[in-house]
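S.K.: You'll find data13.txt just under this line, and it carries compact mmCIF, C-alpha atoms.
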```txt
# COMPACT_ATOMS: atom_id res chain seq x y z
CA MET B 1 -0.47 10.14 -19.00
CA SER B 2 -3.78 10.56 -20.90
CA GLY B 3 -5.20 13.92 -21.92
CA ASN B 4 -8.25 13.39 -19.71
CA ARG B 5 -6.06 12.76 -16.70
CA ILE B 6 -3.94 15.82 -17.44
CA ALA B 7 -7.06 17.96 -17.73
CA ARG B 8 -8.43 16.60 -14.46
CA ALA B 9 -5.14 17.21 -12.66
CA LEU B 10 -5.01 20.76 -14.05
CA VAL B 11 -8.54 21.52 -12.90
CA GLY B 12 -7.75 20.02 -9.51
CA VAL B 13 -4.62 22.16 -9.11
CA LEU B 14 -6.36 25.37 -10.18
CA ALA B 15 -9.33 24.60 -7.93
CA GLY B 16 -6.87 23.89 -5.14
CA ALA B 17 -5.23 27.29 -5.68
CA ALA B 18 -8.59 29.09 -5.41
CA LEU B 19 -9.56 27.04 -2.38
CA GLY B 20 -6.12 27.60 -0.88
CA LEU B 21 -6.64 31.36 -1.05
CA VAL B 22 -9.94 30.99 0.81
CA GLU B 23 -8.31 28.71 3.38
CA LEU B 24 -5.42 31.10 3.95
CA VAL B 25 -7.79 34.03 4.53
CA PHE B 26 -9.91 31.92 6.88
CA LEU B 27 -6.93 30.70 8.91
CA CYS B 28 -5.59 34.25 9.29
CA GLY B 29 -9.01 35.42 10.46
CA ALA B 30 -9.39 32.44 12.79
CA ALA B 31 -6.04 33.24 14.38
CA LEU B 32 -7.22 36.80 15.09
CA VAL B 33 -10.56 35.77 16.66
CA ARG B 34 -9.28 32.72 18.53
CA PRO B 35 -9.35 34.46 21.96
CA VAL B 36 -13.12 35.06 21.55
CA PRO B 37 -14.93 31.97 22.96
CA ALA B 38 -18.24 32.79 21.24
CA VAL B 39 -16.87 32.36 17.74
CA ARG B 40 -15.00 29.09 18.31
CA PRO B 41 -17.94 26.81 17.34
CA GLY B 42 -18.37 28.73 14.10
CA VAL B 43 -14.65 28.48 13.35
CA GLU B 44 -14.77 24.72 13.87
CA ARG B 45 -17.77 24.39 11.55
CA VAL B 46 -16.01 26.33 8.81
CA LEU B 47 -12.86 24.29 9.40
CA ASN B 48 -14.81 21.06 9.00
CA ARG B 49 -16.50 22.40 5.88
CA LEU B 50 -13.22 23.39 4.25
CA THR B 51 -11.73 20.01 5.11
CA ALA B 52 -14.73 18.30 3.53
CA LEU B 53 -14.26 20.40 0.38
CA GLU B 54 -10.61 19.35 0.25
CA ARG B 55 -11.61 15.70 0.57
CA ALA B 56 -14.14 16.12 -2.23
CA ARG B 57 -11.55 17.85 -4.44
CA LEU B 58 -9.03 15.06 -3.88
CA ALA B 59 -11.63 12.40 -4.68
CA ALA B 60 -12.95 14.20 -7.77
CA TRP B 61 -9.73 15.33 -9.45
CA PHE B 62 -6.97 13.15 -8.00
CA ASP B 63 -8.84 9.85 -7.39
CA HIS B 64 -7.77 9.90 -3.74
CA ASP B 65 -10.63 9.06 -1.40
CA THR B 66 -10.14 9.92 2.30
CA THR B 67 -13.80 10.48 3.20
CA GLY B 68 -13.99 7.29 5.24
CA HIS B 69 -11.33 8.41 7.73
CA PRO B 70 -11.75 10.83 10.64
CA ARG B 71 -10.08 14.22 10.50
CA ARG B 72 -6.86 14.05 12.50
CA ASP B 73 -5.32 17.50 12.09
CA GLY B 74 -7.49 19.60 9.80
CA ARG B 75 -6.11 22.98 10.84
CA ARG B 76 -2.49 22.12 10.12
CA TYR B 77 -3.52 20.38 6.92
CA LEU B 78 -5.36 23.47 5.68
CA ALA B 79 -2.41 25.71 6.57
CA VAL B 80 0.13 23.59 4.68
CA ARG B 81 -2.27 22.83 1.83
CA ALA B 82 -3.21 26.50 1.37
CA LEU B 83 0.40 27.61 0.94
CA PHE B 84 1.28 24.66 -1.28
CA GLY B 85 -1.92 25.07 -3.31
CA LEU B 86 -1.24 28.74 -4.02
CA LEU B 87 2.34 28.05 -5.11
CA ALA B 88 1.34 25.03 -7.22
CA GLY B 89 -1.55 26.87 -8.84
CA TYR B 90 0.62 29.89 -9.65
CA GLY B 91 3.39 27.70 -11.06
CA CYS B 92 1.02 25.68 -13.27
CA ALA B 93 -0.84 28.76 -14.50
CA ALA B 94 2.42 30.55 -15.25
CA GLY B 95 3.76 27.49 -17.09
CA LEU B 96 0.61 27.20 -19.21
CA PHE B 97 0.61 30.91 -20.01
CA LEU B 98 4.31 31.03 -20.86
CA GLY B 99 4.25 27.79 -22.86
CA GLY B 100 1.13 28.86 -24.74
CA LEU B 101 2.65 32.27 -25.43
CA PHE B 102 5.85 30.77 -26.85
CA LEU B 103 3.95 28.18 -28.86
CA PHE B 104 1.42 30.62 -30.29
CA GLY B 105 4.10 33.22 -31.09
CA GLY B 106 6.29 30.66 -32.83
CA LEU B 107 3.41 29.29 -34.91
CA TRP B 108 2.28 32.81 -35.75
CA ASN B 109 5.73 33.71 -37.06
CA LEU B 110 6.04 30.50 -39.05
CA ALA B 111 2.55 30.78 -40.53
CA GLY B 112 2.96 34.45 -41.54
CA ASP B 113 6.45 34.00 -42.95
CA ARG B 114 7.71 36.57 -40.47
CA ALA B 115 10.33 34.33 -38.89
CA ARG B 116 13.81 35.74 -38.61
CA ALA B 117 17.07 33.79 -38.65
CA VAL B 118 18.62 33.29 -35.22
CA PRO B 119 22.16 31.90 -34.86
CA VAL B 120 22.60 29.41 -32.03
CA HIS B 121 26.15 28.89 -30.76
CA LEU B 122 26.81 25.70 -28.83
CA PRO B 123 30.17 24.24 -27.74
CA GLY B 124 31.66 23.04 -31.02
CA VAL B 125 28.42 23.54 -32.94
CA ARG B 126 26.95 26.56 -34.73
CA LEU B 127 23.32 26.38 -35.83
CA VAL B 128 21.13 28.84 -37.67
CA THR B 129 17.42 28.52 -36.98
CA SER B 130 14.43 30.86 -36.80
CA ASP B 131 12.71 32.57 -33.92
CA GLY B 132 9.51 30.75 -34.87
CA VAL B 133 11.13 27.33 -34.42
CA LEU B 134 12.70 28.48 -31.15
CA GLY B 135 9.31 29.70 -29.94
CA VAL B 136 7.56 26.42 -30.80
CA THR B 137 10.36 24.38 -29.22
CA GLY B 138 10.43 26.53 -26.10
CA GLY B 139 6.65 26.36 -25.79
CA LEU B 140 6.61 22.57 -26.04
CA VAL B 141 9.39 22.27 -23.47
CA VAL B 142 7.61 24.58 -21.02
CA LEU B 143 4.31 22.72 -21.49
CA ALA B 144 6.06 19.37 -20.93
CA LEU B 145 7.62 20.68 -17.72
CA THR B 146 4.20 21.95 -16.65
CA VAL B 147 2.71 18.48 -17.16
CA LEU B 148 5.50 16.97 -15.07
CA GLY B 149 4.76 19.60 -12.45
CA LEU B 150 1.11 18.53 -12.44
CA LEU B 151 2.21 14.95 -11.77
CA ALA B 152 4.43 16.08 -8.90
CA VAL B 153 1.65 18.24 -7.43
CA GLY B 154 -0.74 15.27 -7.49
CA VAL B 155 1.76 13.11 -5.61
CA VAL B 156 2.37 15.80 -2.98
CA GLU B 157 -1.38 16.40 -2.59
CA ARG B 158 -1.95 12.72 -1.82
CA ARG B 159 0.98 12.60 0.60
CA LEU B 160 -0.28 15.65 2.50
CA ALA B 161 -3.77 14.16 2.76
CA ASP B 162 -2.40 10.82 3.95
CA HIS B 163 -0.21 12.52 6.56
CA PHE B 164 -2.78 14.91 8.04
CA LEU B 165 -6.18 13.36 7.25
CA GLY B 166 -5.51 9.65 7.20
CA PRO B 167 -4.54 7.18 4.46
CA GLY B 168 -6.57 7.14 1.28
CA THR B 169 -8.29 4.17 -0.31
CA ARG B 170 -5.34 3.28 -2.54
CA GLU B 171 -2.90 3.51 0.36
CA LEU B 172 -5.14 1.30 2.49
CA MET B 173 -5.38 -1.17 -0.37
CA ARG B 174 -1.59 -1.19 -0.72
CA ARG B 175 -1.18 -1.78 3.01
CA ARG B 176 -3.81 -4.53 2.93
CA ILE B 177 -2.07 -6.27 0.03
CA ALA B 178 1.26 -6.05 1.86
CA GLU B 179 -0.37 -7.45 5.01
CA LEU B 180 -2.00 -10.31 3.11
CA THR B 181 1.28 -11.08 1.34
CA ALA B 182 3.11 -11.24 4.68
CA THR B 183 0.30 -13.35 6.18
CA ARG B 184 0.38 -15.75 3.23
CA SER B 185 4.14 -16.13 3.59
CA GLY B 186 3.68 -16.82 7.29
CA VAL B 187 1.03 -19.44 6.58
CA VAL B 188 3.29 -21.14 4.04
CA ARG B 189 6.14 -21.22 6.55
CA ALA B 190 3.83 -22.50 9.28
CA VAL B 191 2.51 -25.28 7.04
CA ASP B 192 6.05 -26.26 6.07
CA ASP B 193 7.14 -26.31 9.72
CA GLU B 194 4.09 -28.38 10.64
CA ARG B 195 4.79 -30.86 7.85
CA ARG B 196 8.35 -31.25 9.09
CA ARG B 197 7.09 -31.75 12.66
CA ILE B 198 4.65 -34.45 11.53
CA GLU B 199 7.40 -36.15 9.56
CA ARG B 200 9.71 -36.03 12.60
CA ASP B 201 7.00 -37.35 14.95
CA LEU B 202 6.19 -40.20 12.58
CA HIS B 203 9.85 -41.11 12.21
CA ASP B 204 10.83 -40.83 15.87
CA GLY B 205 7.59 -42.05 17.42
CA ALA B 206 5.17 -44.38 15.67
CA GLN B 207 7.71 -45.73 13.18
CA GLN B 208 10.10 -46.73 15.95
CA ARG B 209 7.33 -48.42 17.92
CA LEU B 210 6.08 -50.31 14.86
CA LEU B 211 9.64 -51.36 14.09
CA SER B 212 9.96 -52.65 17.66
CA VAL B 213 6.65 -54.52 17.29
CA ALA B 214 7.90 -56.15 14.07
CA MET B 215 11.12 -57.21 15.75
CA ASP B 216 9.25 -58.69 18.74
CA LEU B 217 6.94 -60.61 16.40
CA GLY B 218 9.90 -61.93 14.46
CA ARG B 219 11.64 -63.09 17.65
CA ALA B 220 8.41 -64.64 18.92
CA GLN B 221 8.02 -66.55 15.69
CA THR B 222 11.49 -68.06 16.05
CA LYS B 223 10.84 -68.99 19.72
CA LEU B 224 7.35 -70.37 19.14
CA ASP B 225 8.47 -74.04 19.00
CA SER B 226 11.61 -74.03 21.10
CA ASP B 227 10.57 -71.63 23.91
CA PRO B 228 6.77 -71.06 24.05
CA GLU B 229 6.99 -69.03 27.27
CA THR B 230 9.40 -66.52 25.76
CA ALA B 231 7.28 -66.43 22.62
CA ARG B 232 4.16 -65.54 24.65
CA ARG B 233 6.11 -62.81 26.47
CA LEU B 234 7.32 -61.37 23.18
CA LEU B 235 3.79 -61.48 21.73
CA ALA B 236 2.44 -59.62 24.78
CA GLN B 237 5.24 -57.06 24.43
CA ALA B 238 4.43 -56.63 20.73
CA HIS B 239 0.75 -56.22 21.57
CA GLU B 240 1.53 -53.43 24.05
CA GLY B 241 3.81 -51.78 21.53
CA ALA B 242 1.09 -51.89 18.87
CA LYS B 243 -1.43 -50.28 21.24
CA ALA B 244 1.10 -47.55 22.10
CA ALA B 245 1.71 -46.92 18.38
CA ILE B 246 -2.04 -46.63 17.78
CA THR B 247 -2.30 -44.10 20.62
CA GLU B 248 0.56 -42.03 19.20
CA LEU B 249 -0.97 -42.07 15.72
CA ARG B 250 -4.34 -40.98 17.17
CA ASP B 251 -2.69 -38.09 19.04
CA LEU B 252 -0.77 -37.11 15.94
CA ALA B 253 -3.92 -37.10 13.81
CA ARG B 254 -5.67 -34.95 16.42
CA GLY B 255 -2.79 -32.48 16.24
CA ILE B 256 -3.03 -32.26 12.45
CA HIS B 257 -6.67 -31.21 12.69
CA PRO B 258 -6.93 -29.09 15.86
CA ALA B 259 -10.19 -29.13 17.74
CA ILE B 260 -10.41 -25.31 17.72
CA LEU B 261 -10.70 -25.44 13.92
CA THR B 262 -13.84 -27.56 14.20
CA ASP B 263 -15.31 -25.61 17.13
CA GLN B 264 -14.56 -21.98 16.17
CA GLY B 265 -13.50 -22.02 12.53
CA LEU B 266 -10.48 -20.76 10.60
CA GLU B 267 -10.55 -17.23 12.03
CA ALA B 268 -9.83 -18.45 15.58
```
Let me see the file written as structure tokens.
M.R.:
Amino acid sequence: MSGNRIARALVGVLAGAALGLVELVFLCGAALVRPVPAVRPGVERVLNRLTALERARLAAWFDHDTTGHPRRDGRRYLAVRALFGLLAGYGCAAGLFLGGLFLFGGLWNLAGDRARAVPVHLPGVRLVTSDGVLGVTGGLVVLALTVLGLLAVGVVERRLADHFLGPGTRELMRRRIAELTATRSGVVRAVDDERRRIERDLHDGAQQRLLSVAMDLGRAQTKLDSDPETARRLLAQAHEGAKAAITELRDLARGIHPAILTDQGLEA
């Protein structure tokens, strides 16, 4: 995760904590004045405005655009988001403060040669280190956990927005890709099934008729001198079989290229 992205996520979480406090105060006040019909339009306007601010915050700091989707449940979203935003903001701020305090204190002790030896007893291991090293190590660990917390907060923020406000641009793109992948697989299966159908129709239909025509012509050829009448009958039968085969091939070709494709295009 790049430093720029960490900084953006941190600003987004802290801004979400401040906005969450405003949302929580507003929702508590709205619950108190709900029985008053005159103030309901104003409450709805403020609700819409706060929801728009949340959408803008998600787009600016978490790259999650939901502005193109109608608000589905803004009041419940603000209630859940306000509580989560306050907790997330407090946790991230506390982690930064504590990690920075440990890190600065450890570096200060190491730089001023004021570090004191600290024995560390582990199962089967006994180490002797300094409080400065422990402070730096503890600070780095706390800051790393804070960064992981920022990642988790970003994921939860997007999930809440998708659940209450509608899917974001990335989620819609993911769904569209999944839909196109399924559609492509269906087209491939349909083309394979159609190829097998054409192969079956050619084998069971036109091929059999042409084979019958060839047999009739062969028999007519052998009867041409000895039995002209039978030869003429076989030739007429072969002629009818050839016309039937031509008709089947024409129908099969029309089925390969459906008329609706020519008339209304691929979409139909």
S.K.: Nearest to B:Arg5: which of B:Ala190, B:Val133, B:Val147, B:Asp225 is it, counting only C-alpha atoms?
M.R.: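 Looking at the shortest contact to B:Arg5, the residue is B:Val147.
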S.K.: Return the single residue from B:Arg75, B:Arg8, B:Asp65, B:Ala18 that is closest to B:Arg45, with distances computed using only C-alpha atoms.
M.R.: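 Closest to B:Arg45, using only C-alpha atoms: B:Arg75.
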S.K.: Between atom CA of B:Leu47 and atom CA of B:Ala59, what is the distance in Å, rounded to a tenth?
M.R.: 18.5 Å
S.K.: What is the atom CA of B:Gly12-atom CA of B:Ala161 distance in Å, reported with one decimal?
M.R.: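 The value is 14.2 Å.
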S.K.: I want to know what sits within 7 Å of stretch 61-64 of chain B, based on only C-alpha atoms, with residues of the same chain fewer than 2 positions away left out; could you give that as a compact mmCIF listing (two decimals) with C-alpha atoms, in the coordinates of the input?
M.R.:
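Output file around_5.txt follows:
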```txt
# COMPACT_ATOMS: atom_id res chain seq x y z
CA ARG B 8 -8.43 16.60 -14.46
CA ALA B 9 -5.14 17.21 -12.66
CA GLY B 12 -7.75 20.02 -9.51
CA ARG B 57 -11.55 17.85 -4.44
CA LEU B 58 -9.03 15.06 -3.88
CA ALA B 59 -11.63 12.40 -4.68
CA THR B 66 -10.14 9.92 2.30
CA GLY B 154 -0.74 15.27 -7.49
CA ARG B 158 -1.95 12.72 -1.82
CA GLY B 168 -6.57 7.14 1.28
CA THR B 169 -8.29 4.17 -0.31
```
S.K.: Rounded to one decimal, what separation in Å do you get between atom CA of B:Pro123 and atom CA of B:Gly100?
M.R.: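 Calculated distance between atom CA of B:Pro123 and atom CA of B:Gly100 is 29.6 Å.
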S.K.: From the set B:Leu134, B:Ala144, B:Ala56, B:Val80, which residue has the shortest atom-to-atom contact distance to B:Phe104, counting all atoms listed in the file?
M.R.: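 Closest candidate: B:Leu134.
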S.K.: Please determine, counting only C-alpha atoms, which residue among B:Ala242, B:Ala17, B:Leu145, B:Leu78 has the shortest atom-to-atom distance to B:Val46.
M.R.: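 That would be B:Leu78, the residue with the smallest distance to B:Val46.
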S.K.: Give the padded box for stretch 212-216 of chain B as JSON: axis-aligned, covering all atoms listed in the file, 3 Å on each side, centre and edge lengths in Å to one decimal.
M.R.:
```
{"center_x": 8.9, "center_y": -55.7, "center_z": 16.4, "size_x": 10.5, "size_y": 12.0, "size_z": 10.7}
```
